[in-house]
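Trainee: Questions regarding the structure given below will be posed in turn.
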Amino acid sequence: MFETTFYLQAASVLTPDLPNLDALFHTARTRLPIHAQMPLQLPAPAKLPANERRRASQAVRLVLACLHELETQTGQPVSSLRSIFATNDGTGEISQRMLETLATTREISPLVFPNSVHNAAAGYFSIAYKNHQPSTVISQGKDSFAAGLLCALTEALALNEPVLLVCFDPAMTGPMLEQLPIHQATACALVVSTRDTDTPPLAKIHAKLSLDEQPDHFPDWLPSEWQHQSAAYGFSVLGCIATRSTQPVRLKLGKQTLSLTCQTDSTR
């Protein structure tokens with residue numbers, strides 16, 4: 001069993017109807033329904049060099065837009081942080097494009113292939129932010145947020161330094177949408193630390209990994225179709241911070257359960 005207390009230093013979210021953390025906090029407190037009918041419009045990543053910017057996939061744009069939101073809204077720099085990237089799939093439309101090419105001309109551009117691997121976003125992050133710290137990429141289906149958070153916490157404990165966690169799920173297209181029904185892109189970024197700092201944290205949270213398998217906590221204010229998306233489970237944790245709930249958020253992790261209990265009121 002793994003058990004620790006950590007500090008959530010900063011967080012950001014990005015998805016239709018939830019353009020920032022304040023919007024998520026408001027939605028969680030008022031329990032207003034999220035419709036998310038319109039696709040998320042993702043800008044070209046300004047931090048990338050022009051040639052890389054043109055090649056950036058939707059997954060890469062999603063990650064860099066979420067990190068831009070983190071820095072802009074919280075003032076939290078990410079250029080020097082170790083990082084964990086967690087995603088249900090990680091490639092989005094690129095895999096579909098490659099499969100269509102293999103079924104027809106079989107001429108896959110060498111410029112497309114680098115975006116087809118699930119760690120592409122981590123590579124572009126290192127380029128955009130000139131970040132030379134170690135990075136880990138995790139893909140474990142809808143349990144990816146829980147797995148990524150556990151990885152971030154163990155690194156923060158072992159090294160006694162803050163760690164960046166980015167969980168993202170780009171929208172799927174074409175026939176692949178039937179296998180992985182992700183209609184709207186979702187992403188969240190968290191900076192976690194296992195030691196207190198001079199800067200007041202967003203929240204203090206107790207984490208406990210147990211062997212008993214329990215159902216996921218998924219709030220009714222999130223669209224039910226987002227239950228396939230790993231990043232949405234990050235939203236559920238942030239929602240409990242917003243509502244100052246003392247009830248644990250249970251996240252399924254294989255045949256184990258990661259329980260998160262907020263111990264400090266939100267500072268926002």
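Just so we're on the same page: first chain in the structure tokens is A, next is B, and so on; residues restart at 1 for each chain, and ligands are numbered from 1 in the order they show up.
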Met98 of chain A: which residues within 10 Å, counting only C-alpha atoms, same-chain residues fewer than 3 positions away excluded, as a PDB file with C-alpha atoms, in the first residue's frame?

Mentor:
ATOM      1  CA  GLU A  93      -6.140  12.033 -35.784  1.00  0.00           C
ATOM      2  CA  ILE A  94      -2.568  11.064 -36.712  1.00  0.00           C
ATOM      3  CA  SER A  95      -3.131   7.331 -36.178  1.00  0.00           C
ATOM      4  CA  THR A 101      -2.604   5.798 -45.935  1.00  0.00           C
ATOM      5  CA  LEU A 102      -1.611   2.189 -45.248  1.00  0.00           C
ATOM      6  CA  ALA A 103      -4.950   1.054 -46.669  1.00  0.00           C
ATOM      7  CA  THR A 104      -4.491   3.100 -49.867  1.00  0.00           C
ATOM      8  CA  ARG A 106       1.017   3.074 -48.351  1.00  0.00           C
ATOM      9  CA  GLU A 107       3.196   6.180 -48.735  1.00  0.00           C
ATOM     10  CA  ILE A 108       3.518   7.590 -45.231  1.00  0.00           C
ATOM     11  CA  SER A 109       5.338  10.884 -44.941  1.00  0.00           C
ATOM     12  CA  VAL A 112       3.821  12.452 -40.084  1.00  0.00           C
ATOM     13  CA  PHE A 113       5.326   9.448 -38.329  1.00  0.00           C
ATOM     14  CA  SER A 116       2.067   9.033 -34.369  1.00  0.00           C
TER      15      SER A 116
END

Trainee: Give me the segment 171-197 of chain A side of the contact with segment 5-24 of chain A, cut-off 9 Å, one line per residue showing its nearest atom pair and distance in Å at one decimal, counting only C-alpha atoms, sorted by chain and residue number, as CSV.

Mentor:
residue,atom,partner,partner_atom,distance
A:Gln184,CA,A:Pro16,CA,7.1
A:Ala185,CA,A:Thr15,CA,5.9
A:Thr186,CA,A:Thr15,CA,4.7
A:Ala187,CA,A:Leu14,CA,5.2
A:Cys188,CA,A:Val13,CA,4.2
A:Ala189,CA,A:Ser12,CA,5.2
A:Leu190,CA,A:Ala11,CA,4.4
A:Val191,CA,A:Ala10,CA,5.3
A:Val192,CA,A:Leu8,CA,4.8
A:Ser193,CA,A:Tyr7,CA,5.2
A:Thr194,CA,A:Phe6,CA,4.4
A:Arg195,CA,A:Tyr7,CA,6.9
A:Asp196,CA,A:Tyr7,CA,6.8
A:Thr197,CA,A:Gln9,CA,8.8

Trainee: Dump N, CA, C and O atoms for the selected residues as an mmCIF file, in the first residue's frame?

Mentor:
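As a result, result_15.cif now contains:
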data_model
loop_
_atom_site.group_PDB
_atom_site.id
_atom_site.type_symbol
_atom_site.label_atom_id
_atom_site.label_comp_id
_atom_site.auth_asym_id
_atom_site.auth_seq_id
_atom_site.Cartn_x
_atom_site.Cartn_y
_atom_site.Cartn_z
ATOM 1 N N GLN A 184 -14.730 15.128 -27.758
ATOM 2 C CA GLN A 184 -14.175 16.443 -27.442
ATOM 3 C C GLN A 184 -12.824 16.281 -26.756
ATOM 4 O O GLN A 184 -12.655 15.416 -25.893
ATOM 5 N N ALA A 185 -11.885 17.117 -27.136
ATOM 6 C CA ALA A 185 -10.562 17.085 -26.515
ATOM 7 C C ALA A 185 -10.651 17.570 -25.070
ATOM 8 O O ALA A 185 -11.382 18.514 -24.759
ATOM 9 N N THR A 186 -9.893 16.922 -24.183
ATOM 10 C CA THR A 186 -9.825 17.339 -22.785
ATOM 11 C C THR A 186 -8.379 17.275 -22.323
ATOM 12 O O THR A 186 -7.608 16.410 -22.751
ATOM 13 N N ALA A 187 -8.007 18.192 -21.422
ATOM 14 C CA ALA A 187 -6.649 18.193 -20.891
ATOM 15 C C ALA A 187 -6.626 18.889 -19.542
ATOM 16 O O ALA A 187 -7.429 19.789 -19.273
ATOM 17 N N CYS A 188 -5.707 18.455 -18.689
ATOM 18 C CA CYS A 188 -5.456 19.164 -17.437
ATOM 19 C C CYS A 188 -3.968 19.072 -17.127
ATOM 20 O O CYS A 188 -3.290 18.126 -17.543
ATOM 21 N N ALA A 189 -3.452 20.079 -16.439
ATOM 22 C CA ALA A 189 -2.050 20.110 -16.038
ATOM 23 C C ALA A 189 -1.985 20.432 -14.550
ATOM 24 O O ALA A 189 -2.663 21.359 -14.085
ATOM 25 N N LEU A 190 -1.198 19.674 -13.808
ATOM 26 C CA LEU A 190 -1.056 19.867 -12.366
ATOM 27 C C LEU A 190 0.418 19.946 -12.014
ATOM 28 O O LEU A 190 1.241 19.242 -12.611
ATOM 29 N N VAL A 191 0.751 20.764 -11.040
ATOM 30 C CA VAL A 191 2.087 20.772 -10.462
ATOM 31 C C VAL A 191 1.956 20.281 -9.028
ATOM 32 O O VAL A 191 1.254 20.904 -8.222
ATOM 33 N N VAL A 192 2.575 19.134 -8.726
ATOM 34 C CA VAL A 192 2.442 18.526 -7.406
ATOM 35 C C VAL A 192 3.789 18.524 -6.694
ATOM 36 O O VAL A 192 4.849 18.420 -7.317
ATOM 37 N N SER A 193 3.717 18.631 -5.378
ATOM 38 C CA SER A 193 4.915 18.615 -4.548
ATOM 39 C C SER A 193 4.588 17.901 -3.249
ATOM 40 O O SER A 193 3.460 17.982 -2.762
ATOM 41 N N THR A 194 5.549 17.196 -2.682
ATOM 42 C CA THR A 194 5.322 16.507 -1.410
ATOM 43 C C THR A 194 5.920 17.283 -0.235
ATOM 44 O O THR A 194 5.992 16.777 0.876
ATOM 45 N N ARG A 195 6.337 18.507 -0.475
ATOM 46 C CA ARG A 195 6.807 19.363 0.622
ATOM 47 C C ARG A 195 6.139 20.726 0.512
ATOM 48 O O ARG A 195 5.788 21.188 -0.575
ATOM 49 N N ASP A 196 5.943 21.368 1.660
ATOM 50 C CA ASP A 196 5.312 22.679 1.680
ATOM 51 C C ASP A 196 6.279 23.728 1.131
ATOM 52 O O ASP A 196 7.496 23.572 1.203
ATOM 53 N N THR A 197 5.728 24.780 0.572
ATOM 54 C CA THR A 197 6.540 25.858 0.017
ATOM 55 C C THR A 197 6.044 27.189 0.573
ATOM 56 O O THR A 197 5.015 27.266 1.254
#

Trainee: Can you tell me, as a PyMOL selection string, what residues are no more than 12 Å from Gln263 of chain A when counting only C-alpha atoms, ignoring any on the same chain fewer than 6 positions away?

Mentor: chain A and resi 5-8+201-207+240-241+244-248

Trainee: Go through A:Cys262, A:Phe85, A:Leu177, A:His68 and flag the residue nearest Ser135 of chain A, using only C-alpha atoms for the distances.

Mentor: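 Using only C-alpha atoms, the shortest distance to Ser135 of chain A belongs to A:Phe85.
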
Trainee: Using DSSP on the backbone coordinates, identify all residues within segment 90-259 of chain A classified as helix (DSSP H, G or I); present the result as a PyMOL selection string.

Mentor: chain A and resi 93-103+113-116+120-129+144-159+176-179+224-228+230-243

Trainee: Quick one: DSSP strand (DSSP E) residues in segment 62-173 of chain A, as an MDAnalysis selection string?

Mentor: chainID A and resid 82:87 135:138 163:169

Trainee: Need to verify the contact set: Pro181 of chain A, 10 Å, only C-alpha atoms, exclusion of same-chain residues closer than 4 positions in sequence. Can you return it as number ranges by chain?

Mentor: A: 171-173, 175-177, 225-229

Trainee: May I have the residues from that selection written out with all heavy atoms, as an mmCIF file, in the first residue's frame?

Mentor:
data_model
loop_
_atom_site.group_PDB
_atom_site.id
_atom_site.type_symbol
_atom_site.label_atom_id
_atom_site.label_comp_id
_atom_site.auth_asym_id
_atom_site.auth_seq_id
_atom_site.Cartn_x
_atom_site.Cartn_y
_atom_site.Cartn_z
ATOM 1 N N ALA A 171 -9.274 14.550 -29.379
ATOM 2 C CA ALA A 171 -10.481 13.986 -29.986
ATOM 3 C C ALA A 171 -10.103 12.957 -31.051
ATOM 4 O O ALA A 171 -9.134 13.136 -31.785
ATOM 5 C CB ALA A 171 -11.326 15.096 -30.586
ATOM 6 N N MET A 172 -10.870 11.900 -31.131
ATOM 7 C CA MET A 172 -10.649 10.865 -32.125
ATOM 8 C C MET A 172 -11.490 11.151 -33.363
ATOM 9 O O MET A 172 -12.468 11.896 -33.313
ATOM 10 C CB MET A 172 -11.002 9.489 -31.552
ATOM 11 C CG MET A 172 -10.243 9.127 -30.286
ATOM 12 S SD MET A 172 -8.444 9.130 -30.489
ATOM 13 C CE MET A 172 -8.231 7.728 -31.581
ATOM 14 N N THR A 173 -11.106 10.550 -34.477
ATOM 15 C CA THR A 173 -11.814 10.765 -35.733
ATOM 16 C C THR A 173 -12.109 9.425 -36.401
ATOM 17 O O THR A 173 -11.546 8.398 -36.039
ATOM 18 C CB THR A 173 -10.971 11.618 -36.703
ATOM 19 O OG1 THR A 173 -9.729 10.937 -36.948
ATOM 20 C CG2 THR A 173 -10.691 12.993 -36.121
ATOM 21 N N PRO A 175 -13.257 5.938 -38.157
ATOM 22 C CA PRO A 175 -13.594 4.640 -37.564
ATOM 23 C C PRO A 175 -13.004 4.430 -36.168
ATOM 24 O O PRO A 175 -13.567 3.693 -35.363
ATOM 25 C CB PRO A 175 -12.989 3.636 -38.570
ATOM 26 C CG PRO A 175 -12.916 4.386 -39.857
ATOM 27 C CD PRO A 175 -12.622 5.804 -39.472
ATOM 28 N N MET A 176 -11.870 5.076 -35.867
ATOM 29 C CA MET A 176 -11.265 4.900 -34.561
ATOM 30 C C MET A 176 -12.151 5.446 -33.446
ATOM 31 O O MET A 176 -12.046 5.034 -32.294
ATOM 32 C CB MET A 176 -9.891 5.564 -34.508
ATOM 33 C CG MET A 176 -8.847 4.860 -35.348
ATOM 34 S SD MET A 176 -7.191 5.509 -35.099
ATOM 35 C CE MET A 176 -6.885 4.994 -33.416
ATOM 36 N N LEU A 177 -13.038 6.371 -33.794
ATOM 37 C CA LEU A 177 -13.964 6.925 -32.816
ATOM 38 C C LEU A 177 -14.886 5.847 -32.258
ATOM 39 O O LEU A 177 -15.326 5.924 -31.105
ATOM 40 C CB LEU A 177 -14.785 8.048 -33.456
ATOM 41 C CG LEU A 177 -15.688 8.870 -32.546
ATOM 42 C CD1 LEU A 177 -14.871 9.626 -31.510
ATOM 43 C CD2 LEU A 177 -16.504 9.866 -33.387
ATOM 44 N N GLU A 225 -20.387 10.977 -21.205
ATOM 45 C CA GLU A 225 -19.552 10.400 -22.259
ATOM 46 C C GLU A 225 -18.066 10.650 -22.004
ATOM 47 O O GLU A 225 -17.217 10.007 -22.628
ATOM 48 C CB GLU A 225 -19.953 10.959 -23.634
ATOM 49 C CG GLU A 225 -19.854 12.445 -23.789
ATOM 50 C CD GLU A 225 -21.174 13.145 -23.482
ATOM 51 O OE1 GLU A 225 -21.977 12.598 -22.713
ATOM 52 O OE2 GLU A 225 -21.380 14.248 -24.039
ATOM 53 N N TRP A 226 -17.745 11.547 -21.084
ATOM 54 C CA TRP A 226 -16.344 11.785 -20.761
ATOM 55 C C TRP A 226 -15.748 10.710 -19.859
ATOM 56 O O TRP A 226 -14.563 10.749 -19.530
ATOM 57 C CB TRP A 226 -16.171 13.156 -20.107
ATOM 58 C CG TRP A 226 -16.300 14.302 -21.063
ATOM 59 C CD1 TRP A 226 -16.631 14.240 -22.392
ATOM 60 C CD2 TRP A 226 -16.103 15.695 -20.768
ATOM 61 N NE1 TRP A 226 -16.676 15.492 -22.943
ATOM 62 C CE2 TRP A 226 -16.355 16.404 -21.984
ATOM 63 C CE3 TRP A 226 -15.756 16.387 -19.630
ATOM 64 C CZ2 TRP A 226 -16.248 17.792 -22.046
ATOM 65 C CZ3 TRP A 226 -15.656 17.772 -19.700
ATOM 66 C CH2 TRP A 226 -15.894 18.466 -20.893
ATOM 67 N N GLN A 227 -16.534 9.736 -19.463
ATOM 68 C CA GLN A 227 -16.023 8.671 -18.608
ATOM 69 C C GLN A 227 -14.965 7.823 -19.311
ATOM 70 O O GLN A 227 -14.233 7.069 -18.660
ATOM 71 C CB GLN A 227 -17.168 7.780 -18.122
ATOM 72 C CG GLN A 227 -18.110 8.490 -17.180
ATOM 73 C CD GLN A 227 -19.145 7.563 -16.584
ATOM 74 O OE1 GLN A 227 -18.802 6.563 -15.955
ATOM 75 N NE2 GLN A 227 -20.410 7.881 -16.763
ATOM 76 N N HIS A 228 -14.876 7.937 -20.624
ATOM 77 C CA HIS A 228 -13.837 7.222 -21.373
ATOM 78 C C HIS A 228 -12.519 7.987 -21.374
ATOM 79 O O HIS A 228 -11.520 7.465 -21.861
ATOM 80 C CB HIS A 228 -14.288 7.011 -22.828
ATOM 81 C CG HIS A 228 -15.560 6.236 -22.958
ATOM 82 N ND1 HIS A 228 -15.617 4.863 -22.793
ATOM 83 C CD2 HIS A 228 -16.833 6.645 -23.232
ATOM 84 C CE1 HIS A 228 -16.865 4.465 -22.973
ATOM 85 N NE2 HIS A 228 -17.611 5.514 -23.239
ATOM 86 N N GLN A 229 -12.530 9.230 -20.887
ATOM 87 C CA GLN A 229 -11.386 10.121 -21.048
ATOM 88 C C GLN A 229 -10.633 10.275 -19.731
ATOM 89 O O GLN A 229 -11.184 10.690 -18.715
ATOM 90 C CB GLN A 229 -11.871 11.476 -21.584
ATOM 91 C CG GLN A 229 -12.567 11.301 -22.925
ATOM 92 C CD GLN A 229 -13.175 12.563 -23.478
ATOM 93 O OE1 GLN A 229 -14.233 12.515 -24.095
ATOM 94 N NE2 GLN A 229 -12.518 13.688 -23.304
#

Trainee: With only C-alpha atoms as the atoms that count, which of A:Thr91, A:Asn160, A:Thr154, A:Gln73 lies nearest to Ala56 of chain A?

Mentor: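 Using only C-alpha atoms, the shortest distance to Ala56 of chain A belongs to A:Thr91.
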
Trainee: Give the answer as one residue: which of A:Leu64, A:Cys167, A:Ala44, A:Leu211 has the shortest atom-to-atom distance to Lys142 of chain A, using only C-alpha atoms?

Mentor: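 Of the candidates, the smallest distance to Lys142 of chain A is held by A:Cys167.
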